[in-house]
Amino acid sequence: LKLRKLFRRIPKGAASIILILVLCAVFSPWLAPHNPIEQDLGAALKPPFWQEGGTMGYLLGTDNLGRDILSRLIYGARISVIVGFVGVLLAGAVGTLLGIIAGYFGGKIDAVIMRLTDIMLSLPFILVGIAIIGAIGPSLTNVVIVLGITQWVGYTRIIRFEAMSLSKSEFIEMAIISG
C-alpha cells in the first residue's frame, strides 16, 4: 500500500524514463542489435537512418570505428544504473550511520561529525571527485566510492535531526525510566 503511494508521487514521465533505462540495462544483451565493442571500419561514420546515406541496420549510425551507436547507448545504460543505484546505496548507508551516531551520542561526537559535514558541504563535489579519482585511479568501483564519499552529507543531516527528535520523545523517556 505504501509502495503505491510512493509511485503515485513520481511524475509519470520521470517514472517511464527510469523504467526504460532500467529495462535497457537489464536486457541489454537481447535489445542491442550489434555488439557494442565490435569494430567495422567499412561502416565507419554512417549517419542515422533518417538522414541521407543512413540504413536501418544502424538506426543511430556508427562512430569513427564503425561501432553501432544504439548498441553502445543500450549497454551504457548498464553502467549508469549500476553507478546510480550503488552510489546512492553507499552514500545512504554512510550518511545514515553517521547521522544516527551524531544524533544518538550528541556532544563532541555530534560536533565532530557536523563539522566534517560542513567541510564537505563547503567543497565543490566535482573538485573533490576529480581529486579522489586522480589519487586512487579511474575505475567503475572508484567512481561508486567517490559518490558514496561525497554524497553522504544530506543523509547525515536529515537522519541526525530525526534521531535527535526521537531521542527526546516521551516514549523513549518512558522506556528509559521503565528500564
# chains A, B, ... in the order shown; residues from 1 in each chain; ligands from 1

call {"tool": "select_by_dssp", "arguments": {"residues": "chain A", "states": "alpha helix (DSSP H)", "output": "PyMOL selection string"}}
result
chain A and resi 2-9+12-26+28-31+69-105+107-122+125-136+140-150+153-167+170-178

call {"tool": "residues_around", "arguments": {"residues": "Asn35 (chain A)", "least_positions_apart": "6", "cutoff": "8 Å", "atoms": "only C-alpha atoms", "output": "PyMOL selection string"}}
result
chain A and resi 67-68+71

call {"tool": "atom_distance", "arguments": {"atom1": "CA of Trp50 (chain A)", "atom2": "CA of Pro33 (chain A)"}}
result
17.3 Å

call {"tool": "closest_residue", "arguments": {"among": "A:Ile74, A:Ile159, A:Ala93, A:Ile177", "to": "Val22 (chain A)", "atoms": "only C-alpha atoms"}}
result
A:Ile74

call {"tool": "residues_around", "arguments": {"residues": "region 41-44 of chain A", "least_positions_apart": "4", "cutoff": "6 Å", "atoms": "only C-alpha atoms", "output": "JSON, numbers by chain"}}
result
{"A": [62, 63, 64, 65, 66]}

call {"tool": "atom_distance", "arguments": {"atom1": "CA of Ile145 (chain A)", "atom2": "CA of Ser16 (chain A)"}}
result
28.1 Å

call {"tool": "closest_residue", "arguments": {"among": "A:Ile100, A:Val153, A:Ala32, A:Leu140", "to": "Arg115 (chain A)", "atoms": "only C-alpha atoms"}}
result
A:Val153

call {"tool": "residues_around", "arguments": {"residues": "Val144 (chain A)", "least_positions_apart": "5", "cutoff": "9 Å", "atoms": "only C-alpha atoms", "output": "list in words"}}
result
Ile82, Val83, Gly84, Val86, Gly87, Val88, Leu90, Ser139 and Ile149 of chain A

call {"tool": "write_last_selection", "arguments": {"atoms": "C-alpha atoms", "output": "compact mmCIF listing (two decimals), in the first residue's frame"}}
result
# COMPACT_ATOMS: atom_id res chain seq x y z
CA ILE A 82 24.97 0.46 -11.53
CA VAL A 83 26.76 3.69 -10.63
CA GLY A 84 23.50 5.44 -9.73
CA VAL A 86 25.12 1.54 -5.82
CA GLY A 87 26.39 5.10 -5.31
CA VAL A 88 23.12 6.14 -3.67
CA LEU A 90 26.60 3.58 -0.33
CA SER A 139 37.52 2.63 -12.48
CA ILE A 149 32.20 9.59 -0.07

call {"tool": "closest_residue", "arguments": {"among": "A:Leu147, A:Leu123, A:Ile101, A:Ile18", "to": "Met164 (chain A)", "atoms": "only C-alpha atoms"}}
result
A:Ile101

call {"tool": "atom_distance", "arguments": {"atom1": "CA of Ile113 (chain A)", "atom2": "CA of Ala131 (chain A)"}}
result
21.9 Å

call {"tool": "residues_around", "arguments": {"residues": "region 128-130 of chain A", "least_positions_apart": "5", "cutoff": "12 Å", "atoms": "only C-alpha atoms", "output": "list in words"}}
result
Ile119, Met120, Leu121, Ser122, Leu123, Ala135, Ile136, Gly137, Pro138, Asn142, Val143, Val144, Ile145, Val146, Leu147, Gly148, Ile149, Thr150 and Gln151 of chain A
